[in-house]
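Colleague: My file is protein-v1.tsv. It has TSV, C-alpha atoms:
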```tsv
chain	number	residue	atom	x	y	z
A	296	MET	CA	35.57	39.08	-10.28
A	297	ASP	CA	34.88	35.49	-11.31
A	298	LEU	CA	32.30	35.24	-8.57
A	299	LEU	CA	30.60	38.42	-9.72
A	300	PHE	CA	30.48	37.12	-13.29
A	301	ALA	CA	29.07	33.76	-12.20
A	302	THR	CA	26.42	35.44	-10.08
A	303	LEU	CA	25.44	37.67	-12.96
A	304	VAL	CA	25.14	34.75	-15.36
A	305	THR	CA	23.13	32.71	-12.86
A	306	SER	CA	20.77	35.60	-12.28
A	307	LEU	CA	20.25	36.11	-16.00
A	308	VAL	CA	19.57	32.40	-16.51
A	309	SER	CA	17.07	32.45	-13.64
A	310	LEU	CA	15.35	35.49	-15.07
A	311	GLN	CA	15.20	33.81	-18.46
A	312	ALA	CA	13.63	30.71	-16.87
A	313	LEU	CA	11.10	32.79	-14.99
A	314	SER	CA	10.19	34.73	-18.09
A	315	SER	CA	8.78	31.62	-19.76
A	316	PRO	CA	5.28	30.48	-18.73
A	317	ALA	CA	6.56	27.07	-17.69
A	318	GLY	CA	9.36	28.56	-15.65
A	319	ALA	CA	7.03	30.95	-13.87
A	320	HIS	CA	4.62	28.08	-13.21
A	321	MET	CA	7.42	26.03	-11.65
A	322	HIS	CA	8.64	28.97	-9.61
A	323	ASP	CA	5.11	29.54	-8.37
A	324	GLY	CA	4.84	25.87	-7.41
A	325	ARG	CA	8.10	25.93	-5.50
A	326	HIS	CA	7.04	29.11	-3.73
A	327	VAL	CA	3.76	27.53	-2.61
A	328	TYR	CA	5.54	24.35	-1.58
A	329	VAL	CA	8.12	26.17	0.54
A	330	HIS	CA	5.50	28.24	2.31
A	331	HIS	CA	2.70	25.72	2.76
A	332	CYS	CA	4.11	22.19	2.50
A	333	ALA	CA	7.75	22.16	3.60
A	334	VAL	CA	6.97	22.60	7.29
A	335	CYS	CA	5.74	18.99	7.33
A	336	HIS	CA	7.17	17.40	4.19
A	337	GLY	CA	10.58	19.09	4.41
A	338	LEU	CA	12.31	21.29	1.86
A	339	SER	CA	13.59	18.27	0.00
A	340	GLY	CA	10.23	16.50	0.29
A	341	ASP	CA	11.58	13.62	2.37
A	342	GLY	CA	8.81	13.92	4.96
A	343	ASN	CA	11.10	15.21	7.67
A	344	GLY	CA	9.94	18.79	7.96
A	345	GLU	CA	10.14	20.85	11.10
A	346	ALA	CA	6.72	19.70	12.32
A	347	ALA	CA	7.05	16.05	11.33
A	348	SER	CA	8.28	14.79	14.68
A	349	ARG	CA	5.17	16.14	16.40
A	350	LEU	CA	2.67	14.47	14.07
A	351	ALA	CA	1.03	11.16	14.85
A	352	THR	CA	0.74	10.33	11.17
A	353	LYS	CA	4.11	11.06	9.61
A	354	PRO	CA	4.10	13.20	6.48
A	355	ALA	CA	4.56	11.41	3.17
A	356	ASP	CA	8.05	11.10	1.76
A	357	LEU	CA	7.47	12.78	-1.57
A	358	THR	CA	10.91	11.88	-2.91
A	359	THR	CA	9.85	8.25	-3.40
A	360	ALA	CA	6.75	9.16	-5.44
A	361	ARG	CA	5.05	6.30	-3.64
A	362	PHE	CA	1.55	7.55	-2.91
A	363	LYS	CA	-1.19	5.76	-1.04
A	364	PHE	CA	-4.05	7.55	-2.71
A	365	ARG	CA	-3.92	6.98	-6.43
A	366	SER	CA	-6.26	5.95	-9.17
A	367	THR	CA	-3.37	4.23	-10.99
A	368	PRO	CA	-2.28	0.58	-10.59
A	369	SER	CA	-0.11	-0.56	-7.69
A	370	GLY	CA	3.46	0.67	-8.03
A	371	ALA	CA	2.59	3.37	-10.54
A	372	VAL	CA	3.02	7.08	-9.98
A	373	PRO	CA	-0.22	9.00	-9.45
A	374	THR	CA	-1.86	11.21	-12.03
A	375	ASP	CA	-1.82	14.99	-11.67
A	376	GLU	CA	-5.50	14.78	-10.78
A	377	ASP	CA	-4.74	12.28	-7.99
A	378	LEU	CA	-2.27	14.73	-6.47
A	379	LEU	CA	-4.63	17.64	-6.89
A	380	ARG	CA	-7.37	15.62	-5.28
A	381	THR	CA	-5.26	14.98	-2.17
A	382	LEU	CA	-4.41	18.68	-2.02
A	383	THR	CA	-8.02	19.81	-2.29
A	384	ARG	CA	-9.61	17.13	-0.12
A	385	GLY	CA	-6.79	16.46	2.30
A	386	VAL	CA	-6.20	13.17	4.10
A	387	ARG	CA	-8.90	12.94	6.70
A	388	GLY	CA	-7.89	12.37	10.27
A	389	THR	CA	-4.35	13.62	9.65
A	390	ALA	CA	-2.56	16.98	9.62
A	391	MET	CA	-2.91	17.02	5.83
A	392	VAL	CA	-5.90	19.33	5.74
A	393	PRO	CA	-7.59	20.42	2.51
A	394	GLN	CA	-5.50	23.19	0.98
A	395	THR	CA	-8.50	25.06	-0.34
A	396	HIS	CA	-7.15	28.38	0.92
A	397	ILE	CA	-4.68	28.22	-1.97
A	398	PRO	CA	-6.05	29.27	-5.38
A	399	LEU	CA	-6.44	26.45	-7.87
A	400	PRO	CA	-3.79	27.72	-10.35
A	401	GLN	CA	-1.24	27.68	-7.53
A	402	LEU	CA	-2.32	24.20	-6.48
A	403	ARG	CA	-1.74	23.04	-10.05
A	404	ALA	CA	1.67	24.73	-9.93
A	405	VAL	CA	2.60	22.90	-6.75
A	406	VAL	CA	1.55	19.61	-8.40
A	407	THR	CA	4.02	20.42	-11.18
A	408	TYR	CA	6.68	21.17	-8.60
A	409	LEU	CA	5.99	17.98	-6.60
A	410	LYS	CA	6.80	15.99	-9.70
A	411	THR	CA	10.35	17.38	-9.68
A	412	LEU	CA	11.03	15.87	-6.25
A	413	SER	CA	11.36	12.31	-7.55
A	414	PRO	CA	12.88	10.96	-10.78
A	415	ARG	CA	10.11	8.37	-10.81
A	416	PHE	CA	7.79	10.99	-12.25
A	417	ALA	CA	9.74	10.66	-15.48
A	418	GLU	CA	8.06	7.25	-15.84
A	419	ARG	CA	5.13	6.88	-18.15
A	420	VAL	CA	1.93	7.58	-16.25
A	421	ARG	CA	-0.26	4.52	-16.36
A	422	PRO	CA	-3.94	5.13	-17.00
A	423	PRO	CA	-6.22	5.30	-13.98
A	424	VAL	CA	-8.53	2.42	-13.20
A	425	VAL	CA	-12.10	2.77	-14.29
A	426	VAL	CA	-14.59	2.38	-11.48
A	427	PRO	CA	-17.64	0.55	-12.79
A	428	ALA	CA	-21.12	1.66	-11.84
A	429	GLN	CA	-22.10	0.85	-8.29
A	430	PRO	CA	-24.64	-1.97	-8.16
A	431	ALA	CA	-27.80	-1.72	-6.12
A	432	VAL	CA	-27.48	-3.12	-2.62
A	433	THR	CA	-29.04	-6.54	-2.16
A	434	PRO	CA	-28.68	-9.02	0.72
A	435	GLY	CA	-27.17	-11.49	-1.74
A	436	LEU	CA	-24.42	-9.11	-2.88
A	437	VAL	CA	-23.61	-8.12	0.71
A	438	ALA	CA	-23.34	-11.80	1.67
A	439	LYS	CA	-21.11	-12.48	-1.32
A	440	GLY	CA	-18.95	-9.52	-0.33
A	441	GLU	CA	-18.62	-10.83	3.20
A	442	LYS	CA	-17.45	-14.20	1.89
A	443	LEU	CA	-14.92	-12.56	-0.43
A	444	TYR	CA	-13.74	-10.34	2.44
A	445	ARG	CA	-12.95	-13.47	4.44
A	446	ASP	CA	-11.56	-15.54	1.55
A	447	SER	CA	-9.27	-12.70	0.50
A	448	GLY	CA	-7.53	-12.55	3.86
A	449	CYS	CA	-8.85	-9.13	4.83
A	450	PRO	CA	-9.65	-10.19	8.44
A	451	GLU	CA	-5.97	-10.89	9.08
A	452	CYS	CA	-5.42	-7.13	9.30
A	453	HIS	CA	-8.87	-5.52	9.45
A	454	GLY	CA	-10.46	-8.14	11.73
A	455	SER	CA	-13.52	-10.26	11.13
A	456	GLY	CA	-15.77	-7.32	11.98
A	457	GLY	CA	-13.72	-4.79	10.01
A	458	LYS	CA	-12.58	-2.88	13.11
A	459	GLY	CA	-8.89	-2.99	12.26
A	460	ASP	CA	-8.19	-5.53	15.00
A	461	GLY	CA	-7.05	-8.59	13.07
A	462	PRO	CA	-4.26	-10.91	14.29
A	463	SER	CA	-1.58	-9.08	12.30
A	464	ALA	CA	-2.80	-5.73	13.62
A	465	LEU	CA	-2.54	-6.94	17.19
A	466	LYS	CA	1.08	-7.98	16.59
A	467	GLY	CA	1.87	-4.47	15.32
A	468	MET	CA	2.37	-3.59	11.67
A	469	LYS	CA	4.82	-1.39	9.79
A	470	ASP	CA	4.75	0.55	6.56
A	471	ALA	CA	7.49	0.59	3.94
A	472	ARG	CA	9.36	3.22	5.97
A	473	GLU	CA	9.17	0.86	8.96
A	474	LEU	CA	6.91	3.28	10.77
A	475	PRO	CA	4.07	1.81	12.83
A	476	ILE	CA	0.83	1.56	10.91
A	477	VAL	CA	-2.62	0.53	12.05
A	478	PRO	CA	-5.11	-1.14	9.71
A	479	THR	CA	-8.11	1.04	9.05
A	480	ASN	CA	-11.20	0.57	11.17
A	481	LEU	CA	-13.60	0.07	8.29
A	482	THR	CA	-16.70	0.47	10.45
A	483	LYS	CA	-15.99	4.17	10.98
A	484	ARG	CA	-16.22	7.18	8.75
A	485	PRO	CA	-14.63	9.29	7.45
A	486	LEU	CA	-11.91	7.22	5.82
A	487	LYS	CA	-8.56	8.81	5.01
A	488	ARG	CA	-9.00	8.97	1.25
A	489	GLY	CA	-12.69	9.78	1.51
A	490	SER	CA	-15.76	7.80	2.40
A	491	ASP	CA	-17.46	7.59	-0.98
A	492	PRO	CA	-18.00	3.96	-2.00
A	493	GLN	CA	-16.04	4.71	-5.19
A	494	GLU	CA	-13.01	5.64	-3.10
A	495	ILE	CA	-13.26	2.40	-1.12
A	496	TRP	CA	-13.48	0.52	-4.42
A	497	LYS	CA	-10.27	2.22	-5.60
A	498	SER	CA	-8.42	1.41	-2.38
A	499	ILE	CA	-9.22	-2.28	-2.82
A	500	ALA	CA	-8.48	-2.28	-6.54
A	501	VAL	CA	-5.13	-0.47	-6.54
A	502	GLY	CA	-4.03	-0.85	-2.92
A	503	LEU	CA	-2.26	1.73	-0.80
A	504	ASP	CA	1.36	1.87	-1.92
A	505	GLY	CA	3.94	1.91	0.83
A	506	THR	CA	1.66	0.03	3.21
A	507	PRO	CA	0.69	-3.62	3.77
A	508	MET	CA	-2.57	-2.99	1.87
A	509	PRO	CA	-2.14	-4.68	-1.54
A	510	SER	CA	-3.96	-4.30	-4.80
A	511	TYR	CA	-6.68	-6.90	-5.29
A	512	SER	CA	-7.17	-6.26	-8.97
A	513	ASP	CA	-5.50	-9.56	-9.84
A	514	ALA	CA	-7.52	-11.51	-7.29
A	515	LEU	CA	-10.99	-9.99	-7.60
A	516	GLU	CA	-13.10	-8.99	-10.57
A	517	PRO	CA	-14.39	-5.39	-10.60
A	518	ASP	CA	-17.91	-6.48	-9.69
A	519	GLU	CA	-16.55	-8.67	-6.90
A	520	ILE	CA	-14.74	-5.66	-5.46
A	521	TRP	CA	-18.09	-3.88	-5.43
A	522	THR	CA	-19.62	-6.67	-3.34
A	523	VAL	CA	-16.82	-6.25	-0.78
A	524	VAL	CA	-17.50	-2.49	-0.73
A	525	LEU	CA	-21.21	-3.16	-0.16
A	526	PHE	CA	-20.35	-5.50	2.69
A	527	LEU	CA	-18.04	-2.90	4.26
A	528	GLU	CA	-20.72	-0.23	3.91
A	529	SER	CA	-23.12	-2.55	5.74
A	530	LEU	CA	-20.80	-2.45	8.77
A	531	VAL	CA	-21.18	1.31	9.18
A	532	THR	CA	-23.90	2.66	11.40
A	533	GLN	CA	-26.61	4.74	9.79
A	534	GLU	CA	-25.62	8.02	11.39
A	535	LEU	CA	-22.04	7.73	10.14
A	536	ARG	CA	-23.26	7.03	6.63
A	537	HIS	CA	-25.23	10.25	6.53
A	538	PRO	CA	-23.66	12.45	3.83
A	539	GLU	CA	-23.31	15.46	6.12
A	540	ASP	CA	-21.24	13.43	8.53
A	541	ARG	CA	-18.79	12.49	5.83
A	542	LEU	CA	-17.72	16.09	5.42
A	543	LEU	CA	-15.57	17.27	8.23
A	544	SER	CA	-15.34	20.92	7.43
A	545	GLY	CA	-16.27	23.70	5.09
A	546	GLU	CA	-12.86	23.31	3.49
A	547	GLU	CA	-13.77	19.83	2.40
A	548	VAL	CA	-17.04	21.06	0.96
A	549	LEU	CA	-15.02	23.59	-1.00
A	550	GLY	CA	-12.59	20.86	-2.06
A	551	ASP	CA	-15.48	18.81	-3.41
A	552	GLU	CA	-16.77	21.86	-5.24
A	553	ILE	CA	-13.36	22.47	-6.85
A	554	GLU	CA	-13.34	18.88	-8.03
A	555	ARG	CA	-16.81	19.18	-9.49
A	556	GLN	CA	-15.86	22.33	-11.36
A	557	HIS	CA	-12.56	21.05	-12.66
A	558	GLY	CA	-13.32	17.37	-13.13
A	559	SER	CA	-10.57	16.04	-10.91
A	560	ARG	CA	-12.51	13.01	-9.69
B	31	MET	CA	8.76	-17.93	-17.67
B	32	ILE	CA	10.76	-18.45	-14.49
B	33	SER	CA	14.29	-17.20	-15.02
B	34	ALA	CA	17.17	-19.66	-14.74
B	35	ARG	CA	18.59	-17.86	-11.73
B	36	TRP	CA	15.41	-18.38	-9.73
B	37	ILE	CA	15.41	-22.08	-10.62
B	38	ALA	CA	19.03	-22.26	-9.50
B	39	LEU	CA	18.15	-20.45	-6.26
B	40	ALA	CA	15.24	-22.80	-5.64
B	41	GLY	CA	17.56	-25.77	-6.22
B	42	LEU	CA	20.11	-24.44	-3.77
B	43	LEU	CA	17.46	-23.80	-1.16
B	44	ALA	CA	15.98	-27.25	-1.64
B	45	LEU	CA	19.47	-28.67	-1.14
B	46	ALA	CA	19.84	-26.61	2.01
B	47	ALA	CA	16.53	-27.97	3.19
B	48	SER	CA	17.88	-31.51	3.09
B	49	VAL	CA	20.84	-30.79	5.38
B	50	PRO	CA	20.22	-31.86	8.98
B	51	VAL	CA	21.32	-29.41	11.66
B	52	ALA	CA	22.57	-29.87	15.16
B	53	ALA	CA	20.87	-29.46	18.54
B	54	ASP	CA	17.09	-29.78	18.79
B	55	ILE	CA	16.41	-28.71	15.23
B	56	HIS	CA	16.34	-31.69	12.91
B	57	ARG	CA	15.79	-29.80	9.72
B	58	GLU	CA	16.53	-26.23	8.70
B	59	VAL	CA	14.82	-24.74	5.68
B	60	GLN	CA	15.07	-21.36	4.00
B	61	ALA	CA	12.18	-19.83	2.12
B	62	VAL	CA	12.38	-16.72	-0.01
B	63	ASN	CA	9.31	-14.79	-1.12
B	64	ILE	CA	9.79	-13.65	-4.69
B	65	ASN	CA	7.73	-12.17	-7.47
B	66	TYR	CA	7.87	-13.32	-11.05
B	67	GLU	CA	5.51	-12.36	-13.80
B	68	GLY	CA	3.39	-10.58	-11.23
B	69	ASN	CA	2.96	-13.65	-9.01
B	70	ASN	CA	4.18	-13.86	-5.44
B	71	VAL	CA	5.45	-17.23	-4.26
B	72	TRP	CA	7.65	-18.76	-1.61
B	73	ALA	CA	10.66	-20.47	-3.17
B	74	PRO	CA	11.30	-23.32	-3.15
B	75	GLY	CA	7.66	-24.27	-3.48
B	76	THR	CA	7.95	-27.74	-1.95
B	77	TYR	CA	9.62	-28.89	1.26
B	78	ILE	CA	10.06	-32.50	2.36
B	79	VAL	CA	10.65	-33.50	5.99
B	80	LYS	CA	10.18	-36.62	8.06
B	81	LYS	CA	7.40	-37.06	10.57
B	82	GLY	CA	8.56	-36.15	14.06
B	83	GLU	CA	11.29	-33.80	12.92
B	84	THR	CA	11.56	-30.36	14.40
B	85	VAL	CA	11.78	-27.89	11.54
B	86	ARG	CA	13.20	-24.39	11.58
B	87	VAL	CA	12.21	-22.16	8.67
B	88	LYS	CA	14.13	-19.00	7.94
B	89	LEU	CA	11.95	-16.63	5.95
B	90	TYR	CA	13.09	-13.84	3.66
B	91	ASN	CA	10.79	-11.39	1.88
B	92	ARG	CA	12.69	-10.19	-1.19
B	93	VAL	CA	9.74	-8.71	-3.05
B	94	LYS	CA	10.61	-5.14	-3.95
B	95	THR	CA	7.12	-4.08	-4.95
B	96	ASP	CA	4.30	-3.20	-2.58
B	97	PRO	CA	2.84	-4.37	-0.28
B	98	ASN	CA	5.78	-4.53	2.10
B	99	VAL	CA	4.65	-7.63	3.99
B	100	HIS	CA	3.74	-11.20	3.02
B	101	GLY	CA	2.49	-14.13	5.04
B	102	PHE	CA	3.82	-17.65	5.55
B	103	ALA	CA	1.30	-20.05	7.04
B	104	ILE	CA	0.86	-23.80	7.48
B	105	ASP	CA	-2.45	-24.23	9.25
B	106	GLU	CA	-1.95	-27.82	10.44
B	107	PHE	CA	1.16	-26.88	12.41
B	108	ASN	CA	-0.09	-23.51	13.69
B	109	VAL	CA	2.50	-21.66	11.65
B	110	LYS	CA	1.56	-18.10	10.78
B	111	VAL	CA	4.24	-15.43	10.30
B	112	ASP	CA	4.12	-11.92	8.82
B	113	VAL	CA	7.38	-11.33	6.96
B	114	TYR	CA	8.30	-7.75	6.16
B	115	ARG	CA	10.56	-6.77	3.27
B	116	ASP	CA	14.22	-7.35	4.14
B	117	LYS	CA	13.33	-8.28	7.73
B	118	PRO	CA	14.02	-12.03	8.01
B	119	GLU	CA	11.92	-14.07	10.40
B	120	THR	CA	12.34	-17.54	11.84
B	121	VAL	CA	9.65	-20.02	12.79
B	122	GLU	CA	9.93	-23.49	14.26
B	123	PHE	CA	7.46	-26.34	14.43
B	124	THR	CA	7.35	-30.09	14.88
B	125	ALA	CA	6.06	-32.05	11.92
B	126	ASN	CA	4.07	-34.41	14.09
B	127	LYS	CA	1.76	-35.72	11.41
B	128	ALA	CA	2.39	-37.13	7.96
B	129	GLY	CA	0.76	-35.86	4.83
B	130	LEU	CA	0.77	-33.07	2.28
B	131	PHE	CA	0.07	-29.62	3.68
B	132	ARG	CA	-0.53	-26.26	2.05
B	133	ILE	CA	1.88	-23.38	2.59
B	134	TRP	CA	0.09	-20.13	1.89
B	135	CYS	CA	0.10	-16.38	2.38
B	136	HIS	CA	-2.58	-15.74	4.98
B	137	LEU	CA	-2.42	-12.01	4.24
B	138	HIS	CA	-3.01	-12.45	0.52
B	139	PRO	CA	-4.55	-15.86	-0.12
B	140	ALA	CA	-4.55	-15.26	-3.88
B	141	HIS	CA	-0.77	-15.66	-3.95
B	142	LEU	CA	0.55	-18.96	-5.24
B	143	PRO	CA	0.63	-21.60	-2.52
B	144	GLY	CA	3.51	-23.99	-1.79
B	145	GLN	CA	3.41	-27.38	-0.10
B	146	LEU	CA	5.00	-29.28	2.74
B	147	LEU	CA	5.31	-33.06	2.39
B	148	VAL	CA	5.80	-34.87	5.69
B	149	ILE	CA	6.78	-38.50	5.14
B	150	GLU	CA	6.60	-41.39	7.63
```
How would this structure read if it were set down as structure tokens?

Modeller:
Amino acid sequence: MDLLFATLVTSLVSLQALSSPAGAHMHDGRHVYVHHCAVCHGLSGDGNGEAASRLATKPADLTTARFKFRSTPSGAVPTDEDLLRTLTRGVRGTAMVPQTHIPLPQLRAVVTYLKTLSPRFAERVRPPVVVPAQPAVTPGLVAKGEKLYRDSGCPECHGSGGKGDGPSALKGMKDARELPIVPTNLTKRPLKRGSDPQEIWKSIAVGLDGTPMPSYSDALEPDEIWTVVLFLESLVTQELRHPEDRLLSGEEVLGDEIERQHGSR
Amino acid sequence: MISARWIALAGLLALAASVPVAADIHREVQAVNINYEGNNVWAPGTYIVKKGETVRVKLYNRVKTDPNVHGFAIDEFNVKVDVYRDKPETVEFTANKAGLFRIWCHLHPAHLPGQLLVIE
């Protein structure tokens, strides 16, 4: 009898929660997560889903709220738009494909749900960095960027030619979960977070949390970061810099379109 | 401001650095990478050894914030170690020349450098 009463009360409470817009939004987000995300990220979000063991790049542990691809300072939780951006554009070269088959309202709902997986999301969201306008490419700026690339220690991991073959890379590197990690080959495109120069600027400015890639915002001025980006762009062959080659699939085109329409960049 | 506990820790480590050890190692030093006020630094910041001594450095990365790895390098003695968070490393070298040498993070050169003083 007690069990029947408890079940009845629980059901009524659940119905009450679902009847509010916020509750329905959360329920929708959980539903999408369970059906589209949990197979890799796990039901709890710890990155140990059913498919995780078969993936070369292990799924993110969402319970730590430590995200590589943010527009916020190192150590800060990402903005909703950062999360939505990863959902719509995916992480190139990994199993995290653009989730553009899911309608945008449901993607926003899953963003809301993701933020329940870690208590860190209760922290104040720090404002995103502002990417200054890209300067015009000049030989002088590229040369300055090359010097800063070397002086900042980048070749230790990425190699003197940017191919990801620096001394530390050759010894073998690990991420914060102690999983093997390889420094990015910066001469190739696409890059995981996207190949736009603005995205490269952000990676240098705020770092990739949970990896050996630090934030350089304390070491380099915003315009100095741009010179490093220009240098890195100079390492990429012309055919790989062609805009059409940056887009891997129609899904990514759609992801870009969603961002344009909803201002998530 | 550096907190009193870090000063005390640096003092203890400096004291440890002055204790000779047995076998082939003449001098054993511990270095802890810490972060204060947003700056990463190896503590203690200065080490003093005698020329000709074989030095063993035990390295601890205690920085809780990202990135998860920091470097410890002394170019003149070919010392270059990547030290991951909570994964201690050990490096040994012979201080075969006298002088003042920079200890730095080769992965993030902007971090505060330390110094090694090798006396005759």

Colleague: Set the cut-off to 9 Å and count only C-alpha atoms: what are the residues of chain A that reach chain B? Output as a PyMOL selection string.

Modeller: chain A and resi 369-370+446-452+463+468-471+502-511+513-514

Colleague: Find the distance between atom CA of Thr120 of chain B and atom CA of Asn65 of chain B and write it in Å to one decimal.

Modeller: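 Atom CA of Asn65 of chain B lies at a distance of 20.6 Å from atom CA of Thr120 of chain B.
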
Colleague: Which of these, A:Gly344, A:Pro430, A:Gly318, A:Gly489, has the shortest distance to His330 of chain A once you count all atoms listed in the file?

Modeller: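 Result for the nearest residue to His330 of chain A: A:Gly344.
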
Colleague: With a distance cut-off of 9 Å and only C-alpha atoms, select the neighbouring residues of Lys81 of chain B, excluding the residue or stretch itself and same-chain residues fewer than 6 positions from it, and output the selection as a PDB file with C-alpha atoms, in the frame of the given file.

Modeller:
```pdb
ATOM      1  CA  THR B 124       7.350 -30.090  14.880  1.00  0.00           C
ATOM      2  CA  ALA B 125       6.060 -32.050  11.920  1.00  0.00           C
ATOM      3  CA  ASN B 126       4.070 -34.410  14.090  1.00  0.00           C
ATOM      4  CA  LYS B 127       1.760 -35.720  11.410  1.00  0.00           C
ATOM      5  CA  ALA B 128       2.390 -37.130   7.960  1.00  0.00           C
ATOM      6  CA  GLY B 129       0.760 -35.860   4.830  1.00  0.00           C
ATOM      7  CA  VAL B 148       5.800 -34.870   5.690  1.00  0.00           C
ATOM      8  CA  ILE B 149       6.780 -38.500   5.140  1.00  0.00           C
ATOM      9  CA  GLU B 150       6.600 -41.390   7.630  1.00  0.00           C
TER      10      GLU B 150
END
```

Colleague: Between atom CA of Ala317 of chain A and atom CA of Pro414 of chain A, measure the distance and give it in Å to one decimal.

Modeller: 18.6 Å

Colleague: Suppose you want the space between atom CA of Glu67 of chain B and atom CA of Thr359 of chain A; what is it in Å?

Modeller: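 The value is 23.5 Å.
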
Colleague: Is there a way to get, as number ranges by chain, all residues within 10 Å of the point (13.5, -36.2, 9.7) in file coordinates, counting only C-alpha atoms?

Modeller: B: 48, 50, 55-57, 78-85, 125, 148-150

Colleague: Using C-alpha atoms, can you export the residues from the last selection as a PDB file, in the coordinates of the input?

Modeller:
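Result written to result_10.pdb:
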```pdb
ATOM      1  CA  SER B  48      17.880 -31.510   3.090  1.00  0.00           C
ATOM      2  CA  PRO B  50      20.220 -31.860   8.980  1.00  0.00           C
ATOM      3  CA  ILE B  55      16.410 -28.710  15.230  1.00  0.00           C
ATOM      4  CA  HIS B  56      16.340 -31.690  12.910  1.00  0.00           C
ATOM      5  CA  ARG B  57      15.790 -29.800   9.720  1.00  0.00           C
ATOM      6  CA  ILE B  78      10.060 -32.500   2.360  1.00  0.00           C
ATOM      7  CA  VAL B  79      10.650 -33.500   5.990  1.00  0.00           C
ATOM      8  CA  LYS B  80      10.180 -36.620   8.060  1.00  0.00           C
ATOM      9  CA  LYS B  81       7.400 -37.060  10.570  1.00  0.00           C
ATOM     10  CA  GLY B  82       8.560 -36.150  14.060  1.00  0.00           C
ATOM     11  CA  GLU B  83      11.290 -33.800  12.920  1.00  0.00           C
ATOM     12  CA  THR B  84      11.560 -30.360  14.400  1.00  0.00           C
ATOM     13  CA  VAL B  85      11.780 -27.890  11.540  1.00  0.00           C
ATOM     14  CA  ALA B 125       6.060 -32.050  11.920  1.00  0.00           C
ATOM     15  CA  VAL B 148       5.800 -34.870   5.690  1.00  0.00           C
ATOM     16  CA  ILE B 149       6.780 -38.500   5.140  1.00  0.00           C
ATOM     17  CA  GLU B 150       6.600 -41.390   7.630  1.00  0.00           C
TER      18      GLU B 150
END
```

Colleague: Could you list, as an MDAnalysis selection string, every residue within 9 Å of Ile520 of chain A, counting only C-alpha atoms and ignoring same-chain residues fewer than 4 positions away?

Modeller: chainID A and resid 440 443 496 499:500 511:512 515:516 524:525
